[in-house]
$ cat input23.cif   # mmCIF, C-alpha atoms
data_work
loop_
_atom_site.label_atom_id
_atom_site.label_comp_id
_atom_site.auth_asym_id
_atom_site.auth_seq_id
_atom_site.Cartn_x
_atom_site.Cartn_y
_atom_site.Cartn_z
CA MET A 1 0.00 0.00 0.00
CA PRO A 2 1.21 3.42 -0.79
CA TYR A 3 1.95 5.63 2.06
CA ILE A 4 3.27 9.15 2.28
CA HIS A 5 6.67 9.50 3.86
CA ASN A 6 8.08 13.00 4.03
CA LYS A 7 5.54 14.22 1.52
CA ARG A 8 6.52 11.66 -1.11
CA ILE A 9 4.57 8.79 -2.45
CA ASP A 10 6.45 5.57 -1.93
CA LEU A 11 5.29 2.69 -4.09
CA SER A 12 6.45 -0.81 -3.64
CA ALA A 13 7.89 -2.72 -6.63
CA ASN A 14 4.92 -5.08 -6.73
CA LEU A 15 2.44 -2.22 -6.95
CA PHE A 16 4.56 -0.44 -9.56
CA GLY A 17 4.55 -3.56 -11.78
CA LYS A 18 0.79 -3.86 -11.47
CA VAL A 19 0.31 -0.22 -12.47
CA MET A 20 2.61 -0.59 -15.49
CA PHE A 21 0.77 -3.76 -16.55
CA ALA A 22 -2.56 -1.92 -16.29
CA ILE A 23 -1.25 1.00 -18.36
CA GLY A 24 0.04 -1.42 -21.01
CA ILE A 25 -3.30 -3.23 -21.21
CA LEU A 26 -5.15 0.08 -21.38
CA THR A 27 -2.89 1.29 -24.21
CA ILE A 28 -3.48 -1.92 -26.18
CA LEU A 29 -7.26 -1.65 -25.68
CA VAL A 30 -7.32 1.99 -26.82
CA SER A 31 -5.25 1.23 -29.96
CA LEU A 32 -7.47 -1.76 -30.82
CA SER A 33 -10.62 0.31 -30.39
CA GLN A 34 -9.23 3.04 -32.65
CA THR A 35 -8.32 0.44 -35.28
CA VAL A 36 -11.81 -1.05 -35.17
CA MET A 37 -13.38 2.41 -35.43
CA CYS A 38 -11.22 3.32 -38.44
CA GLN A 39 -12.07 0.08 -40.20
CA SER A 40 -15.75 0.47 -39.49
CA GLU A 41 -15.62 4.00 -40.89
CA GLN A 42 -13.95 2.70 -44.04
CA LEU A 43 -16.51 -0.07 -44.40
CA SER A 44 -19.44 2.24 -43.89
CA ILE A 45 -18.56 4.58 -46.75
CA GLU A 46 -21.57 4.80 -49.01
CA CYS A 47 -21.37 5.30 -52.74
CA PRO A 48 -22.90 8.42 -54.21
CA SER A 49 -26.08 7.89 -56.15
CA GLY A 50 -25.53 7.03 -59.78
CA TYR A 51 -22.15 5.38 -59.10
CA VAL A 52 -21.04 1.83 -58.43
CA CYS A 53 -18.33 1.28 -55.83
CA ILE A 54 -16.10 -1.77 -56.03
CA THR A 55 -13.09 -2.92 -54.10
CA ARG A 56 -9.54 -2.63 -55.37
CA GLU A 57 -9.30 -6.42 -55.76
CA ALA A 58 -12.48 -6.52 -57.82
CA ALA A 59 -11.22 -3.71 -60.04
CA ILE A 60 -7.91 -5.50 -60.60
CA SER A 61 -9.76 -8.73 -61.40
CA VAL A 62 -11.98 -6.97 -63.94
CA LEU A 63 -8.98 -5.31 -65.60
CA GLU A 64 -7.14 -8.64 -65.85
CA LYS A 65 -10.19 -10.29 -67.42
CA ALA A 66 -10.52 -7.41 -69.87
CA ASP A 67 -6.84 -7.73 -70.80
CA LYS A 68 -7.27 -11.46 -71.36
CA ALA A 69 -10.35 -10.85 -73.52
CA ASP A 70 -8.49 -8.26 -75.60
CA ALA A 71 -5.54 -10.61 -76.03
CA LEU A 72 -7.82 -13.46 -77.14
CA GLU A 73 -9.61 -11.16 -79.57
CA LYS A 74 -6.32 -10.00 -81.10
CA GLU A 75 -5.11 -13.60 -81.29
CA ALA A 76 -8.31 -14.61 -83.11
CA LEU A 77 -7.83 -11.77 -85.62
CA VAL A 78 -4.23 -12.85 -86.26
CA LYS A 79 -5.34 -16.47 -86.75
CA ASP A 80 -8.10 -15.43 -89.15
CA GLN A 81 -5.63 -13.34 -91.15
CA ALA A 82 -3.16 -16.25 -91.25
CA ILE A 83 -5.90 -18.61 -92.48
CA ALA A 84 -6.92 -16.12 -95.21
CA ASP A 85 -3.27 -15.74 -96.28
CA LEU A 86 -2.80 -19.51 -96.44
CA LYS A 87 -5.99 -19.92 -98.51
CA GLN A 88 -4.74 -17.29 -100.96
CA LEU A 89 -1.34 -19.00 -101.13
CA LEU A 90 -3.03 -22.36 -101.77
CA ALA A 91 -5.08 -20.84 -104.60
CA ASP A 92 -1.91 -19.37 -106.14
CA ILE A 93 -0.14 -22.74 -105.90
CA LYS A 94 -3.10 -24.47 -107.59
CA ILE A 95 -2.94 -21.96 -110.45
CA ASP A 96 0.82 -22.48 -110.83
CA LEU A 97 0.35 -26.27 -110.76
CA ALA A 98 -2.28 -26.10 -113.52
CA ARG A 99 -0.06 -23.83 -115.64
CA MET A 100 2.99 -26.07 -115.21
CA SER A 101 0.94 -29.20 -115.89
CA GLY A 102 -0.26 -27.62 -119.14
CA GLU A 103 3.31 -26.70 -120.08
CA LYS A 104 4.44 -30.27 -119.37
CA THR A 105 1.66 -31.66 -121.58
CA GLN A 106 2.63 -29.25 -124.35
CA LEU A 107 6.32 -30.19 -124.07
CA GLU A 108 5.44 -33.91 -124.22
CA ALA A 109 3.35 -33.28 -127.34
CA ASP A 110 6.24 -31.32 -128.90
CA LYS A 111 8.59 -34.21 -128.07
CA VAL A 112 6.29 -36.69 -129.82
CA ARG A 113 5.96 -34.39 -132.83
CA TRP A 114 9.72 -33.85 -133.14
CA THR A 115 10.37 -37.55 -132.72
CA ALA A 116 7.94 -38.22 -135.57
CA VAL A 117 9.63 -35.58 -137.75
CA ILE A 118 13.06 -37.06 -137.07
CA ASP A 119 11.78 -40.54 -137.78
CA LEU A 120 10.23 -39.37 -141.04
CA LEU A 121 13.40 -37.62 -142.12
CA LEU A 122 15.50 -40.64 -141.34
CA LYS A 123 13.28 -42.98 -143.38
CA ASN A 124 12.91 -40.70 -146.38
CA ALA A 125 16.51 -39.63 -146.63
CA ARG A 126 18.38 -41.10 -149.57
CA PRO A 127 21.63 -42.70 -148.82
CA LYS A 128 24.63 -40.77 -150.06
CA LYS A 129 26.52 -42.32 -152.81
CA ASN A 130 30.19 -41.97 -152.56
CA GLY A 131 31.79 -41.89 -155.84
CA LEU A 132 32.57 -39.76 -158.76
CA ILE A 133 29.33 -40.18 -160.58
CA ASN A 134 26.18 -40.06 -158.57
CA PHE A 135 22.99 -40.75 -160.54
#
$ encode --input "input23.cif" --output "structure tokens"
Amino acid sequence: MPYIHNKRIDLSANLFGKVMFAIGILTILVSLSQTVMCQSEQLSIECPSGYVCITREAAISVLEKADKADALEKEALVKDQAIADLKQLLADIKIDLARMSGEKTQLEADKVRWTAVIDLLLKNARPKKNGLINF
């Protein structure tokens, strides 16, 4: 128990420890109550009329989904363009194949014709007579 000795308050060590413990607990309780009050004030913020309020996490999630959707849309456009380019290339290759096939057929026909001409010339050619008098 405190008692006054020569106009001073003399506290024992046990009492001093109890007082310090009580002050510490009181400080912790006050800080916790202020934290709870601040959080409740933040949670009780109302959106103005005509607006929609969302959390930061929800906004980030929406932005990520929008980015993914944009990326998929761009990827689809690139794929469609690649497919169109390949179809055009295939059509060009078909045209070249038909042209070259026609040229091959024409060259084979020319070969047959020239073979026939050579054969005809070889059969109709008169043998050369070697000698002084050729009748």
$ closest_atom_pairs --input "input23.cif" --of "stretch 25-77 of chain A" --to "stretch 17-20 of chain A" --cutoff "12 Å" --atoms "all atoms listed in the file" --output "CSV"
residue,atom,partner,partner_atom,distance
A:Ile25,CA,A:Met20,CA,8.6
A:Leu26,CA,A:Met20,CA,9.8
A:Thr27,CA,A:Met20,CA,10.5
$ atom_distance --input "input23.cif" --atom1 "atom CA of A:Glu108" --atom2 "atom CA of A:Leu90"
26.6 Å
$ atom_distance --input "input23.cif" --atom1 "atom CA of A:Asn124" --atom2 "atom CA of A:Ala109"
22.6 Å
$ atom_distance --input "input23.cif" --atom1 "atom CA of A:Asp70" --atom2 "atom CA of A:Glu57"
19.9 Å
$ decode --input "input23.cif" --residues "stretch 8-99 of chain A" --atoms "C-alpha atoms" --output "mmCIF file, in the first residue's frame"
data_model
loop_
_atom_site.group_PDB
_atom_site.id
_atom_site.type_symbol
_atom_site.label_atom_id
_atom_site.label_comp_id
_atom_site.auth_asym_id
_atom_site.auth_seq_id
_atom_site.Cartn_x
_atom_site.Cartn_y
_atom_site.Cartn_z
ATOM 1 C CA ARG A 8 6.523 11.656 -1.113
ATOM 2 C CA ILE A 9 4.566 8.788 -2.453
ATOM 3 C CA ASP A 10 6.447 5.572 -1.926
ATOM 4 C CA LEU A 11 5.288 2.692 -4.087
ATOM 5 C CA SER A 12 6.453 -0.815 -3.643
ATOM 6 C CA ALA A 13 7.888 -2.723 -6.627
ATOM 7 C CA ASN A 14 4.917 -5.079 -6.728
ATOM 8 C CA LEU A 15 2.444 -2.220 -6.955
ATOM 9 C CA PHE A 16 4.558 -0.444 -9.562
ATOM 10 C CA GLY A 17 4.548 -3.557 -11.776
ATOM 11 C CA LYS A 18 0.786 -3.858 -11.470
ATOM 12 C CA VAL A 19 0.311 -0.224 -12.469
ATOM 13 C CA MET A 20 2.614 -0.593 -15.488
ATOM 14 C CA PHE A 21 0.772 -3.760 -16.546
ATOM 15 C CA ALA A 22 -2.565 -1.923 -16.294
ATOM 16 C CA ILE A 23 -1.248 1.003 -18.362
ATOM 17 C CA GLY A 24 0.037 -1.418 -21.012
ATOM 18 C CA ILE A 25 -3.297 -3.234 -21.212
ATOM 19 C CA LEU A 26 -5.150 0.080 -21.376
ATOM 20 C CA THR A 27 -2.887 1.286 -24.212
ATOM 21 C CA ILE A 28 -3.482 -1.921 -26.177
ATOM 22 C CA LEU A 29 -7.255 -1.653 -25.682
ATOM 23 C CA VAL A 30 -7.317 1.986 -26.818
ATOM 24 C CA SER A 31 -5.249 1.234 -29.956
ATOM 25 C CA LEU A 32 -7.471 -1.756 -30.822
ATOM 26 C CA SER A 33 -10.623 0.311 -30.388
ATOM 27 C CA GLN A 34 -9.234 3.044 -32.651
ATOM 28 C CA THR A 35 -8.316 0.440 -35.282
ATOM 29 C CA VAL A 36 -11.806 -1.045 -35.166
ATOM 30 C CA MET A 37 -13.380 2.405 -35.425
ATOM 31 C CA CYS A 38 -11.216 3.317 -38.435
ATOM 32 C CA GLN A 39 -12.067 0.076 -40.199
ATOM 33 C CA SER A 40 -15.747 0.466 -39.490
ATOM 34 C CA GLU A 41 -15.624 4.005 -40.893
ATOM 35 C CA GLN A 42 -13.953 2.697 -44.038
ATOM 36 C CA LEU A 43 -16.513 -0.068 -44.399
ATOM 37 C CA SER A 44 -19.445 2.244 -43.888
ATOM 38 C CA ILE A 45 -18.555 4.585 -46.755
ATOM 39 C CA GLU A 46 -21.568 4.802 -49.009
ATOM 40 C CA CYS A 47 -21.366 5.296 -52.745
ATOM 41 C CA PRO A 48 -22.898 8.422 -54.206
ATOM 42 C CA SER A 49 -26.077 7.894 -56.148
ATOM 43 C CA GLY A 50 -25.527 7.035 -59.785
ATOM 44 C CA TYR A 51 -22.155 5.377 -59.100
ATOM 45 C CA VAL A 52 -21.038 1.832 -58.429
ATOM 46 C CA CYS A 53 -18.331 1.278 -55.832
ATOM 47 C CA ILE A 54 -16.102 -1.774 -56.028
ATOM 48 C CA THR A 55 -13.092 -2.919 -54.096
ATOM 49 C CA ARG A 56 -9.536 -2.635 -55.371
ATOM 50 C CA GLU A 57 -9.299 -6.416 -55.758
ATOM 51 C CA ALA A 58 -12.484 -6.519 -57.822
ATOM 52 C CA ALA A 59 -11.219 -3.711 -60.041
ATOM 53 C CA ILE A 60 -7.909 -5.502 -60.602
ATOM 54 C CA SER A 61 -9.758 -8.729 -61.400
ATOM 55 C CA VAL A 62 -11.981 -6.966 -63.939
ATOM 56 C CA LEU A 63 -8.977 -5.307 -65.598
ATOM 57 C CA GLU A 64 -7.138 -8.642 -65.851
ATOM 58 C CA LYS A 65 -10.187 -10.293 -67.417
ATOM 59 C CA ALA A 66 -10.525 -7.405 -69.873
ATOM 60 C CA ASP A 67 -6.837 -7.733 -70.800
ATOM 61 C CA LYS A 68 -7.272 -11.463 -71.364
ATOM 62 C CA ALA A 69 -10.353 -10.849 -73.515
ATOM 63 C CA ASP A 70 -8.488 -8.262 -75.599
ATOM 64 C CA ALA A 71 -5.543 -10.612 -76.033
ATOM 65 C CA LEU A 72 -7.823 -13.459 -77.136
ATOM 66 C CA GLU A 73 -9.612 -11.162 -79.570
ATOM 67 C CA LYS A 74 -6.320 -10.000 -81.102
ATOM 68 C CA GLU A 75 -5.108 -13.605 -81.292
ATOM 69 C CA ALA A 76 -8.311 -14.610 -83.112
ATOM 70 C CA LEU A 77 -7.832 -11.770 -85.620
ATOM 71 C CA VAL A 78 -4.234 -12.852 -86.257
ATOM 72 C CA LYS A 79 -5.339 -16.466 -86.752
ATOM 73 C CA ASP A 80 -8.103 -15.429 -89.147
ATOM 74 C CA GLN A 81 -5.630 -13.337 -91.152
ATOM 75 C CA ALA A 82 -3.159 -16.252 -91.251
ATOM 76 C CA ILE A 83 -5.903 -18.607 -92.483
ATOM 77 C CA ALA A 84 -6.917 -16.125 -95.207
ATOM 78 C CA ASP A 85 -3.269 -15.744 -96.279
ATOM 79 C CA LEU A 86 -2.803 -19.509 -96.441
ATOM 80 C CA LYS A 87 -5.991 -19.923 -98.511
ATOM 81 C CA GLN A 88 -4.735 -17.294 -100.956
ATOM 82 C CA LEU A 89 -1.342 -19.004 -101.125
ATOM 83 C CA LEU A 90 -3.033 -22.364 -101.771
ATOM 84 C CA ALA A 91 -5.083 -20.845 -104.600
ATOM 85 C CA ASP A 92 -1.912 -19.372 -106.141
ATOM 86 C CA ILE A 93 -0.145 -22.742 -105.898
ATOM 87 C CA LYS A 94 -3.101 -24.471 -107.586
ATOM 88 C CA ILE A 95 -2.942 -21.961 -110.454
ATOM 89 C CA ASP A 96 0.821 -22.483 -110.835
ATOM 90 C CA LEU A 97 0.351 -26.267 -110.764
ATOM 91 C CA ALA A 98 -2.284 -26.103 -113.519
ATOM 92 C CA ARG A 99 -0.061 -23.835 -115.643
#
